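Pasted below: query.pdb, PDB, C-alpha atoms and all ligand atoms.
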ATOM      1  CA  MET A   1     -99.240   7.815 -44.348
ATOM      2  CA  ALA A   2    -101.646   7.697 -41.422
ATOM      3  CA  ALA A   3    -105.421   7.577 -41.737
ATOM      4  CA  PRO A   4    -107.271  10.854 -41.027
ATOM      5  CA  PRO A   5    -108.811  11.004 -37.536
ATOM      6  CA  ASP A   6    -112.201   9.756 -38.704
ATOM      7  CA  GLY A   7    -110.547   6.606 -40.037
ATOM      8  CA  GLU A   8    -111.334   7.478 -43.626
ATOM      9  CA  VAL A   9    -109.246   5.427 -45.995
ATOM     10  CA  LEU A  10    -110.755   5.960 -49.391
ATOM     11  CA  ARG A  11    -113.070   8.618 -50.779
ATOM     12  CA  ALA A  12    -114.190   9.302 -54.306
ATOM     13  CA  HIS A  13    -116.363  12.004 -55.818
ATOM     14  CA  GLY A  14    -117.913  12.265 -59.248
ATOM     15  CA  LEU A  15    -115.829   9.461 -60.672
ATOM     16  CA  HIS A  16    -116.068   9.046 -64.429
ATOM     17  CA  HIS A  17    -114.178   6.833 -66.786
ATOM     18  CA  ALA A  18    -114.376   6.218 -70.505
ATOM     19  CA  TYR A  19    -112.291   3.954 -72.694
ATOM     20  CA  GLY A  20    -112.038   6.202 -75.731
ATOM     21  CA  PRO A  21    -115.649   6.734 -76.810
ATOM     22  CA  THR A  22    -116.935   3.935 -74.530
ATOM     23  CA  PRO A  23    -118.227   5.265 -71.181
ATOM     24  CA  ALA A  24    -117.671   2.807 -68.344
ATOM     25  CA  LEU A  25    -118.319   4.786 -65.116
ATOM     26  CA  TRP A  26    -120.626   7.707 -64.405
ATOM     27  CA  ASP A  27    -120.542   9.955 -61.375
ATOM     28  CA  ILE A  28    -119.627   7.424 -58.726
ATOM     29  CA  GLY A  29    -118.919   8.485 -55.162
ATOM     30  CA  LEU A  30    -117.998   6.506 -52.107
ATOM     31  CA  HIS A  31    -116.442   6.804 -48.690
ATOM     32  CA  LEU A  32    -114.768   3.945 -46.856
ATOM     33  CA  ARG A  33    -113.218   3.705 -43.441
ATOM     34  CA  GLU A  34    -110.655   1.337 -41.970
ATOM     35  CA  GLY A  35    -111.766  -2.267 -41.851
ATOM     36  CA  GLU A  36    -114.931  -1.831 -43.898
ATOM     37  CA  VAL A  37    -115.898  -4.344 -46.563
ATOM     38  CA  LEU A  38    -117.707  -3.144 -49.663
ATOM     39  CA  ALA A  39    -119.144  -5.538 -52.230
ATOM     40  CA  VAL A  40    -119.585  -3.971 -55.662
ATOM     41  CA  THR A  41    -122.154  -5.943 -57.604
ATOM     42  CA  GLY A  42    -123.593  -5.748 -61.077
ATOM     43  CA  PRO A  43    -123.942  -7.612 -64.347
ATOM     44  CA  ARG A  44    -121.099  -8.130 -66.798
ATOM     45  CA  GLY A  45    -119.869  -4.902 -68.277
ATOM     46  CA  SER A  46    -121.473  -2.739 -65.580
ATOM     47  CA  GLY A  47    -118.179  -1.098 -64.621
ATOM     48  CA  LYS A  48    -117.133  -3.064 -61.518
ATOM     49  CA  SER A  49    -113.579  -3.757 -62.660
ATOM     50  CA  THR A  50    -113.165  -0.226 -63.973
ATOM     51  CA  LEU A  51    -114.174   1.134 -60.577
ATOM     52  CA  LEU A  52    -111.621  -1.050 -58.802
ATOM     53  CA  HIS A  53    -108.909  -0.145 -61.282
ATOM     54  CA  CYS A  54    -109.583   3.565 -60.753
ATOM     55  CA  LEU A  55    -109.794   3.361 -56.956
ATOM     56  CA  SER A  56    -106.590   1.334 -56.760
ATOM     57  CA  GLY A  57    -104.601   3.704 -58.944
ATOM     58  CA  ARG A  58    -104.116   1.176 -61.732
ATOM     59  CA  LEU A  59    -106.131   3.392 -64.020
ATOM     60  CA  ARG A  60    -106.316   7.161 -64.045
ATOM     61  CA  PRO A  61    -110.000   8.123 -64.193
ATOM     62  CA  THR A  62    -111.175  10.401 -66.963
ATOM     63  CA  GLY A  63    -112.837  12.622 -64.368
ATOM     64  CA  GLY A  64    -113.532  12.969 -60.672
ATOM     65  CA  GLU A  65    -111.457  12.777 -57.544
ATOM     66  CA  ILE A  66    -110.088   9.969 -55.388
ATOM     67  CA  PHE A  67    -108.478  10.496 -52.002
ATOM     68  CA  PHE A  68    -106.465   7.929 -50.101
ATOM     69  CA  ARG A  69    -106.179   8.845 -46.419
ATOM     70  CA  GLY A  70    -107.096  12.387 -47.330
ATOM     71  CA  LYS A  71    -104.421  12.775 -50.031
ATOM     72  CA  PRO A  72    -105.355  13.055 -53.717
ATOM     73  CA  LEU A  73    -104.638   9.931 -55.702
ATOM     74  CA  HIS A  74    -106.282  10.956 -58.973
ATOM     75  CA  SER A  75    -103.708  13.645 -59.719
ATOM     76  CA  LEU A  76    -100.618  11.531 -59.045
ATOM     77  CA  GLY A  77     -98.397  10.524 -61.945
ATOM     78  CA  ARG A  78     -97.980   6.891 -62.913
ATOM     79  CA  GLY A  79     -94.803   6.344 -60.848
ATOM     80  CA  ALA A  80     -96.229   7.852 -57.669
ATOM     81  CA  ARG A  81     -99.431   5.841 -58.050
ATOM     82  CA  GLU A  82     -97.382   2.688 -58.551
ATOM     83  CA  ARG A  83     -95.383   3.312 -55.363
ATOM     84  CA  LEU A  84     -98.509   4.056 -53.360
ATOM     85  CA  ARG A  85    -100.161   0.946 -54.734
ATOM     86  CA  LEU A  86     -97.263  -1.327 -53.831
ATOM     87  CA  ARG A  87     -96.991   0.079 -50.344
ATOM     88  CA  HIS A  88    -100.609   0.476 -49.307
ATOM     89  CA  PHE A  89    -102.819  -1.650 -51.552
ATOM     90  CA  GLY A  90    -103.259  -5.328 -52.237
ATOM     91  CA  TRP A  91    -104.838  -6.775 -55.360
ATOM     92  CA  ILE A  92    -106.333 -10.114 -56.263
ATOM     93  CA  ASP A  93    -108.457 -11.114 -59.180
ATOM     94  CA  SER A  94    -109.837 -14.304 -60.628
ATOM     95  CA  SER A  95    -106.539 -15.494 -62.098
ATOM     96  CA  PRO A  96    -103.741 -15.746 -59.570
ATOM     97  CA  ARG A  97    -100.449 -14.571 -61.036
ATOM     98  CA  LEU A  98     -97.710 -16.214 -59.040
ATOM     99  CA  VAL A  99     -94.042 -16.287 -60.004
ATOM    100  CA  PRO A 100     -93.602 -19.820 -61.385
ATOM    101  CA  GLU A 101     -89.918 -20.131 -60.427
ATOM    102  CA  LEU A 102     -90.513 -19.269 -56.758
ATOM    103  CA  THR A 103     -91.922 -21.515 -54.071
ATOM    104  CA  VAL A 104     -95.264 -20.737 -52.494
ATOM    105  CA  ARG A 105     -93.538 -19.306 -49.431
ATOM    106  CA  GLU A 106     -91.224 -17.148 -51.536
ATOM    107  CA  ASN A 107     -94.151 -15.896 -53.590
ATOM    108  CA  THR A 108     -96.040 -14.985 -50.438
ATOM    109  CA  ALA A 109     -93.085 -13.248 -48.802
ATOM    110  CA  LEU A 110     -92.291 -11.217 -51.915
ATOM    111  CA  PRO A 111     -94.251  -8.023 -51.106
ATOM    112  CA  LEU A 112     -92.568  -7.787 -47.703
ATOM    113  CA  LEU A 113     -89.104  -8.328 -49.179
ATOM    114  CA  LEU A 114     -89.813  -5.645 -51.776
ATOM    115  CA  HIS A 115     -90.659  -3.312 -48.893
ATOM    116  CA  GLY A 116     -87.322  -4.028 -47.251
ATOM    117  CA  ALA A 117     -88.381  -6.507 -44.575
ATOM    118  CA  GLY A 118     -85.799  -9.007 -43.370
ATOM    119  CA  HIS A 119     -85.958 -12.562 -44.696
ATOM    120  CA  ARG A 120     -86.818 -14.100 -41.353
ATOM    121  CA  ALA A 121     -89.708 -11.711 -40.652
ATOM    122  CA  ALA A 122     -90.986 -12.083 -44.212
ATOM    123  CA  ARG A 123     -90.914 -15.886 -44.009
ATOM    124  CA  LYS A 124     -92.701 -15.831 -40.665
ATOM    125  CA  ALA A 125     -95.458 -13.527 -41.913
ATOM    126  CA  ALA A 126     -95.789 -15.570 -45.102
ATOM    127  CA  HIS A 127     -96.155 -18.752 -43.093
ATOM    128  CA  GLU A 128     -98.841 -17.203 -40.870
ATOM    129  CA  TRP A 129    -100.944 -16.093 -43.829
ATOM    130  CA  LEU A 130    -100.485 -19.389 -45.671
ATOM    131  CA  ASP A 131    -101.601 -21.156 -42.519
ATOM    132  CA  ARG A 132    -104.691 -18.942 -42.245
ATOM    133  CA  LEU A 133    -105.556 -19.729 -45.854
ATOM    134  CA  GLY A 134    -105.091 -23.462 -45.291
ATOM    135  CA  VAL A 135    -102.121 -23.886 -47.640
ATOM    136  CA  ALA A 136     -99.160 -23.860 -45.256
ATOM    137  CA  SER A 137     -98.424 -27.464 -46.205
ATOM    138  CA  CYS A 138     -97.721 -26.272 -49.766
ATOM    139  CA  ALA A 139     -95.090 -23.743 -48.689
ATOM    140  CA  ARG A 140     -92.199 -25.511 -50.449
ATOM    141  CA  HIS A 141     -94.125 -26.300 -53.605
ATOM    142  CA  ARG A 142     -94.079 -24.304 -56.804
ATOM    143  CA  PRO A 143     -97.302 -22.819 -58.202
ATOM    144  CA  ALA A 144     -97.460 -25.396 -61.006
ATOM    145  CA  ASP A 145     -97.780 -28.169 -58.387
ATOM    146  CA  LEU A 146    -100.920 -26.662 -56.877
ATOM    147  CA  ALA A 147    -104.594 -27.009 -57.652
ATOM    148  CA  GLN A 148    -106.383 -23.886 -58.847
ATOM    149  CA  ASP A 149    -108.041 -23.142 -55.522
ATOM    150  CA  GLN A 150    -104.706 -23.538 -53.736
ATOM    151  CA  ARG A 151    -103.067 -21.067 -56.111
ATOM    152  CA  GLN A 152    -105.860 -18.591 -55.411
ATOM    153  CA  ARG A 153    -105.391 -19.023 -51.661
ATOM    154  CA  VAL A 154    -101.683 -18.316 -52.076
ATOM    155  CA  ALA A 155    -102.516 -15.212 -54.100
ATOM    156  CA  VAL A 156    -104.772 -14.040 -51.274
ATOM    157  CA  ALA A 157    -102.017 -14.678 -48.712
ATOM    158  CA  ARG A 158     -99.558 -12.721 -50.839
ATOM    159  CA  ALA A 159    -102.023  -9.827 -51.204
ATOM    160  CA  LEU A 160    -102.492  -9.616 -47.430
ATOM    161  CA  VAL A 161     -98.988 -10.345 -46.157
ATOM    162  CA  HIS A 162     -97.888  -6.709 -45.996
ATOM    163  CA  SER A 163    -101.123  -5.677 -44.235
ATOM    164  CA  PRO A 164    -102.268  -3.317 -46.961
ATOM    165  CA  ALA A 165    -104.585  -0.465 -46.061
ATOM    166  CA  VAL A 166    -106.962  -1.562 -48.821
ATOM    167  CA  LEU A 167    -107.378  -4.910 -50.499
ATOM    168  CA  PHE A 168    -109.028  -4.770 -53.919
ATOM    169  CA  ALA A 169    -110.503  -8.089 -54.939
ATOM    170  CA  ASP A 170    -111.909  -8.295 -58.458
ATOM    171  CA  GLU A 171    -114.120 -11.383 -58.675
ATOM    172  CA  PRO A 172    -111.675 -13.210 -56.391
ATOM    173  CA  THR A 173    -113.790 -16.316 -56.144
ATOM    174  CA  ALA A 174    -114.930 -16.653 -59.752
ATOM    175  CA  PRO A 175    -112.867 -19.742 -60.630
ATOM    176  CA  LEU A 176    -113.527 -21.588 -57.380
ATOM    177  CA  HIS A 177    -116.004 -24.169 -56.173
ATOM    178  CA  ARG A 178    -118.756 -22.872 -53.944
ATOM    179  CA  SER A 179    -117.286 -24.171 -50.676
ATOM    180  CA  ASP A 180    -113.886 -22.686 -51.522
ATOM    181  CA  ARG A 181    -115.531 -19.393 -52.422
ATOM    182  CA  ALA A 182    -117.128 -19.009 -49.024
ATOM    183  CA  GLN A 183    -113.848 -19.762 -47.281
ATOM    184  CA  ILE A 184    -111.958 -17.152 -49.279
ATOM    185  CA  LEU A 185    -114.624 -14.543 -48.576
ATOM    186  CA  ARG A 186    -114.639 -15.376 -44.889
ATOM    187  CA  THR A 187    -110.857 -15.025 -44.799
ATOM    188  CA  LEU A 188    -111.066 -11.619 -46.433
ATOM    189  CA  ALA A 189    -113.696 -10.541 -43.924
ATOM    190  CA  ALA A 190    -111.619 -11.869 -41.032
ATOM    191  CA  ALA A 191    -108.563  -9.990 -42.309
ATOM    192  CA  ALA A 192    -110.597  -6.822 -42.551
ATOM    193  CA  ARG A 193    -111.619  -7.227 -38.921
ATOM    194  CA  SER A 194    -108.364  -8.369 -37.401
ATOM    195  CA  HIS A 195    -105.949  -6.189 -39.355
ATOM    196  CA  ARG A 196    -108.249  -3.224 -40.047
ATOM    197  CA  ILE A 197    -107.874  -3.800 -43.757
ATOM    198  CA  THR A 198    -110.507  -2.175 -45.928
ATOM    199  CA  VAL A 199    -111.759  -4.587 -48.586
ATOM    200  CA  VAL A 200    -113.409  -3.619 -51.856
ATOM    201  CA  LEU A 201    -114.548  -6.646 -53.778
ATOM    202  CA  THR A 202    -116.561  -7.207 -56.899
ATOM    203  CA  THR A 203    -118.882 -10.129 -57.299
ATOM    204  CA  HIS A 204    -121.698 -11.397 -59.447
ATOM    205  CA  ASP A 205    -122.742 -13.690 -56.653
ATOM    206  CA  LEU A 206    -124.883 -11.852 -54.148
ATOM    207  CA  ALA A 207    -126.103 -15.072 -52.598
ATOM    208  CA  LEU A 208    -122.535 -15.943 -51.819
ATOM    209  CA  THR A 209    -121.808 -12.805 -49.857
ATOM    210  CA  HIS A 210    -124.877 -13.547 -47.786
ATOM    211  CA  ALA A 211    -123.816 -17.169 -47.319
ATOM    212  CA  ALA A 212    -120.393 -16.057 -46.159
ATOM    213  CA  ARG A 213    -122.018 -13.843 -43.543
ATOM    214  CA  THR A 214    -124.090 -16.544 -42.049
ATOM    215  CA  ALA A 215    -121.658 -19.443 -42.252
ATOM    216  CA  ASP A 216    -120.239 -20.834 -39.080
ATOM    217  CA  VAL A 217    -117.073 -18.849 -38.637
ATOM    218  CA  THR A 218    -115.373 -17.621 -35.519
ATOM    219  CA  GLY A 219    -116.138 -13.982 -35.119
ATOM    220  CA  ALA A 220    -115.860 -13.221 -38.784
ATOM    221  CA  ALA A 221    -118.542 -12.429 -41.263
ATOM    222  CA  LEU A 222    -118.592 -10.420 -44.389
ATOM    223  CA  ALA A 223    -119.804  -7.118 -42.939
ATOM    224  CA  ASP A 224    -120.642  -5.825 -46.343
ATOM    225  CA  ARG A 225    -122.665  -3.086 -47.792
ATOM    226  CA  ARG A 226    -123.512  -3.415 -51.415
ATOM    227  CA  MET A 227    -122.996  -0.948 -54.175
ATOM    228  CA  ALA A 228    -124.868  -2.081 -57.238
ATOM    229  CA  LEU A 229    -123.729  -0.839 -60.646
ATOM    230  CA  ASP A 230    -125.532  -1.041 -63.944
ATOM    231  CA  ASP A 231    -124.201   0.443 -67.134
ATOM    232  CA  GLY A 232    -121.529   2.301 -65.196
ATOM    233  CA  ARG A 233    -123.974   4.006 -62.848
ATOM    234  CA  ARG A 234    -124.870   3.304 -59.277
ATOM    235  CA  VAL A 235    -128.280   1.684 -59.014
ATOM    236  CA  ARG A 236    -130.326   3.562 -56.491
ATOM    237  CA  GLY A 237    -133.218   2.339 -54.419
ATOM    238  CA  LEU A 238    -131.797  -1.092 -53.646
ATOM    239  CA  SER A 239    -131.522  -2.340 -50.160
ATOM    240  CA  PRO A 240    -127.999  -1.649 -48.943
ATOM    241  CA  GLY A 241    -127.766  -5.276 -47.908
ATOM    242  CA  PRO A 242    -128.159  -6.919 -44.545
ATOM    243  CA  ALA A 243    -127.123  -4.976 -41.500
ATOM    244  CA  PRO A 244    -123.583  -5.760 -40.425
ATOM    245  CA  LEU A 245    -123.242  -8.456 -37.814
ATOM    246  CA  PRO A 246    -122.114  -7.302 -34.379
ATOM    247  CA  ALA A 247    -118.523  -6.233 -34.628
ATOM    248  CA  PRO A 248    -115.900  -7.898 -32.476
ATOM    249  CA  GLY A 249    -113.674  -4.846 -32.376
ATOM    250  CA  GLU A 250    -114.098  -1.278 -31.310
ATOM    251  CA  GLY A 251    -114.965   1.443 -33.764
ATOM    252  CA  GLU A 252    -116.533  -0.905 -36.281
ATOM    253  CA  ALA A 253    -118.361   1.372 -38.650
ATOM    254  CA  ALA A 254    -120.801   0.746 -41.381
ATOM    255  CA  CYS A 255    -119.605   1.506 -44.831
ATOM    256  CA  SER A 256    -121.113   4.753 -45.937
ATOM    257  CA  LEU A 257    -121.706   5.401 -49.568
ATOM    258  CA  SER A 258    -122.555   8.707 -51.018
ATOM    259  CA  VAL A 259    -123.055   9.899 -54.530
TER
HETATM  260  N1  LIG A 301    -109.710  -1.912 -71.785
HETATM  261  C1  LIG A 301    -110.913  -1.598 -72.258
HETATM  262  N2  LIG A 301    -111.078  -0.991 -73.437
HETATM  263  C2  LIG A 301    -112.292  -0.647 -73.905
HETATM  264  N3  LIG A 301    -113.443  -0.882 -73.233
HETATM  265  C3  LIG A 301    -113.357  -1.480 -72.045
HETATM  266  C4  LIG A 301    -112.088  -1.881 -71.486
HETATM  267  N4  LIG A 301    -112.327  -2.460 -70.283
HETATM  268  C5  LIG A 301    -113.661  -2.431 -70.103
HETATM  269  N5  LIG A 301    -114.278  -1.850 -71.144
HETATM  270  C6  LIG A 301    -115.714  -1.607 -71.283
HETATM  271  O1  LIG A 301    -116.128  -0.830 -70.171
HETATM  272  C7  LIG A 301    -117.388  -1.279 -69.669
HETATM  273  C8  LIG A 301    -117.242  -1.721 -68.206
HETATM  274  O2  LIG A 301    -116.383  -2.860 -68.166
HETATM  275  P1  LIG A 301    -115.884  -3.504 -66.806
HETATM  276  O3  LIG A 301    -114.922  -4.576 -67.167
HETATM  277  O4  LIG A 301    -115.450  -2.432 -65.888
HETATM  278  O5  LIG A 301    -117.243  -4.131 -66.259
HETATM  279  P2  LIG A 301    -117.437  -5.332 -65.215
HETATM  280  O6  LIG A 301    -118.713  -5.043 -64.512
HETATM  281  O7  LIG A 301    -116.215  -5.496 -64.394
HETATM  282  O8  LIG A 301    -117.618  -6.569 -66.176
HETATM  283  P3  LIG A 301    -117.162  -8.100 -65.916
HETATM  284  O9  LIG A 301    -118.012  -8.594 -64.804
HETATM  285  O10 LIG A 301    -117.440  -8.749 -67.219
HETATM  286  O11 LIG A 301    -115.696  -8.046 -65.590
HETATM  287  C9  LIG A 301    -117.833  -2.402 -70.615
HETATM  288  O12 LIG A 301    -118.647  -1.830 -71.606
HETATM  289  C10 LIG A 301    -116.523  -2.896 -71.208
HETATM  290  O13 LIG A 301    -116.734  -3.440 -72.501
END

Could I get this structure in the form of structure tokens?
Ligand SMILES: Nc1ncnc2c1ncn2[C@@H]1O[C@H](COP(=O)(O)OP(=O)(O)OP(=O)(O)O)[C@@H](O)[C@H]1O
Amino acid sequence: MAAPPDGEVLRAHGLHHAYGPTPALWDIGLHLREGEVLAVTGPRGSGKSTLLHCLSGRLRPTGGEIFFRGKPLHSLGRGARERLRLRHFGWIDSSPRLVPELTVRENTALPLLLHGAGHRAARKAAHEWLDRLGVASCARHRPADLAQDQRQRVAVARALVHSPAVLFADEPTAPLHRSDRAQILRTLAAAARSHRITVVLTTHDLALTHAARTADVTGAALADRRMALDDGRRVRGLSPGPAPLPAPGEGEAACSLSV
């Protein structure tokens, strides 16, 4: 499924969601192109996770429309959404869920093997991502042998190994120390740049996204725009965040948000 000519990956209009009588999202719209990084911010309970679950097809929204590469996602049945998700999306959240019986390398290679890749190619790609995340030396270990931040790095490697079109990251750095947080965010930003992966992440920690932008990293910074939510609604009138740093690649586009 190729991206439309303008590079649009994800678009949503008038997104609503309610859990029974509890409204969680109101009239959210957005538009993201290849390689853009969007940070969704807001206090607890403001709807950040619900937005990611809807956009990623994990949850069918109560109302509104979502398009992935120009094709409707909101109207797909559960099975079709699941297939699309496995093929085109990656997901990480604050608690890495690795298969305890598999080694780190096997865990990381799993998405590629599920997509029919050969063992050798899957191992090679897994090794490359583990190396990028600084945990290649743990490749033969099992998840239980790792520290928490190492498990999270492995989860990030596994989420990126099949070069998803969109990586959804729901508070990916919440359980980590500050220095580890910045490294994970910088890796996500670098992946977005180098592999044209669109990243949608939620965070409480605005200062951190700014720190990740300005840290000393080679060519990578978190080129984010912010979308602030409160009580399920987009907060208007906030600064959209710092202007993106100069892009290393061609066609780098600012994230455009529209409601
Ligand atoms: N499964 C659920 N059933 C019922 N209500 C839910 C469910 N999940 C979330 N909610 C409610 O929906 C609203 C938005 O929750 P959501 O988890 O999306 O917010 P959030 O900004 O991600 O919060 P947090 O930062 O705490 O994860 C809250 O009022 C929450 O209580």

Could you build a table of the residues in chain A lying no more than 9 Å from ligand LIG 301 (chain A), giving for each the nearest pair of atoms and their separation in Å rounded to one decimal place, using all atoms listed in the file, ordered by chain and ascending residue number, as a tab-separated table?
residue	atom	partner	partner_atom	distance
A:His17	CA	A:LIG301	O1	8.6
A:Ala18	CA	A:LIG301	O1	7.3
A:Tyr19	CA	A:LIG301	C2	4.8
A:Gly20	CA	A:LIG301	C2	7.1
A:Pro21	CA	A:LIG301	C2	8.6
A:Thr22	CA	A:LIG301	N3	6.1
A:Pro23	CA	A:LIG301	O1	6.5
A:Ala24	CA	A:LIG301	C7	4.3
A:Leu25	CA	A:LIG301	C8	7.3
A:Val40	CA	A:LIG301	O6	9.0
A:Thr41	CA	A:LIG301	O6	7.8
A:Gly42	CA	A:LIG301	O6	6.0
A:Pro43	CA	A:LIG301	O6	5.8
A:Arg44	CA	A:LIG301	O9	3.7
A:Gly45	CA	A:LIG301	O5	3.4
A:Ser46	CA	A:LIG301	O6	3.8
A:Gly47	CA	A:LIG301	O4	3.3
A:Lys48	CA	A:LIG301	O7	3.9
A:Ser49	CA	A:LIG301	O7	3.6
A:Thr50	CA	A:LIG301	O4	3.7
A:Leu51	CA	A:LIG301	O4	6.5
A:Leu52	CA	A:LIG301	O4	8.2
A:His53	CA	A:LIG301	O4	8.3
A:Asp170	CA	A:LIG301	O7	7.8
A:Glu171	CA	A:LIG301	O9	7.8
A:Thr202	CA	A:LIG301	O7	7.7
A:Thr203	CA	A:LIG301	O9	7.7
A:His204	CA	A:LIG301	O9	7.1
A:Leu229	CA	A:LIG301	O6	7.6
A:Asp230	CA	A:LIG301	O6	7.9
A:Asp231	CA	A:LIG301	C8	7.4
A:Gly232	CA	A:LIG301	C8	6.6

Using all atoms listed in the file, which of A:Arg158, A:Arg153, A:Thr187, A:Val200 sits nearest Leu55 of chain A?
->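 Using all atoms listed in the file, the shortest distance to Leu55 of chain A belongs to A:Val200.
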
For His127 of chain A, please output as a list in words all residues within 9 Å (counting all atoms listed in the file; exclusion window: fewer than 4 positions along the same chain).
->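 Residues meeting the cut-off are Arg105, Thr108, Ala109, Ala122, Arg123, Asp131, Arg132, Ala136 and Ala139 of chain A.
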
Selected by the PyMOL selection byres (((chain A and resi 149) around 9) and not hetatm) in the shown coordinates: which residues, as a list of chain:residue names?
-> A:Leu146, A:Ala147, A:Gln148, A:Gln150, A:Arg151, A:Gln152, A:Arg153, A:Val154, A:Thr173, A:Pro175, A:Leu176, A:His177, A:Asp180, A:Arg181

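You can rank A:Ala191, A:Ile28, A:Val135, A:Ala182 by their closest distance to Ala165 of chain A using all atoms listed in the file, and at the top of that list sits A:Ala191.
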
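With distances taken over all atoms listed in the file, A:Glu8 is the one residue among A:Asp93, A:Glu36, A:Glu101, A:Glu8 lying closest to Phe67 of chain A.
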
What separation in Å, quoted to one decimal, exists between atom CA of Val99 of chain A and atom CA of Leu130 of chain A?
->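 Going from atom CA of Val99 of chain A over to atom CA of Leu130 of chain A covers 16.0 Å.
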
Would you work out the distance separating atom CA of Ala155 of chain A from atom CA of Gln183 of chain A, expressed in Å to one decimal?
-> 14.0 Å

Return as lines of an AutoDock Vina configuration file the centre and edge lengths, in Å with one decimal, of the box along x, y and z that encloses every atom of segment 85-99 of chain A in the file, padded by 5 Å per side.
center_x = -101.9
center_y = -7.7
center_z = -55.7
size_x = 25.8
size_y = 27.2
size_z = 22.8
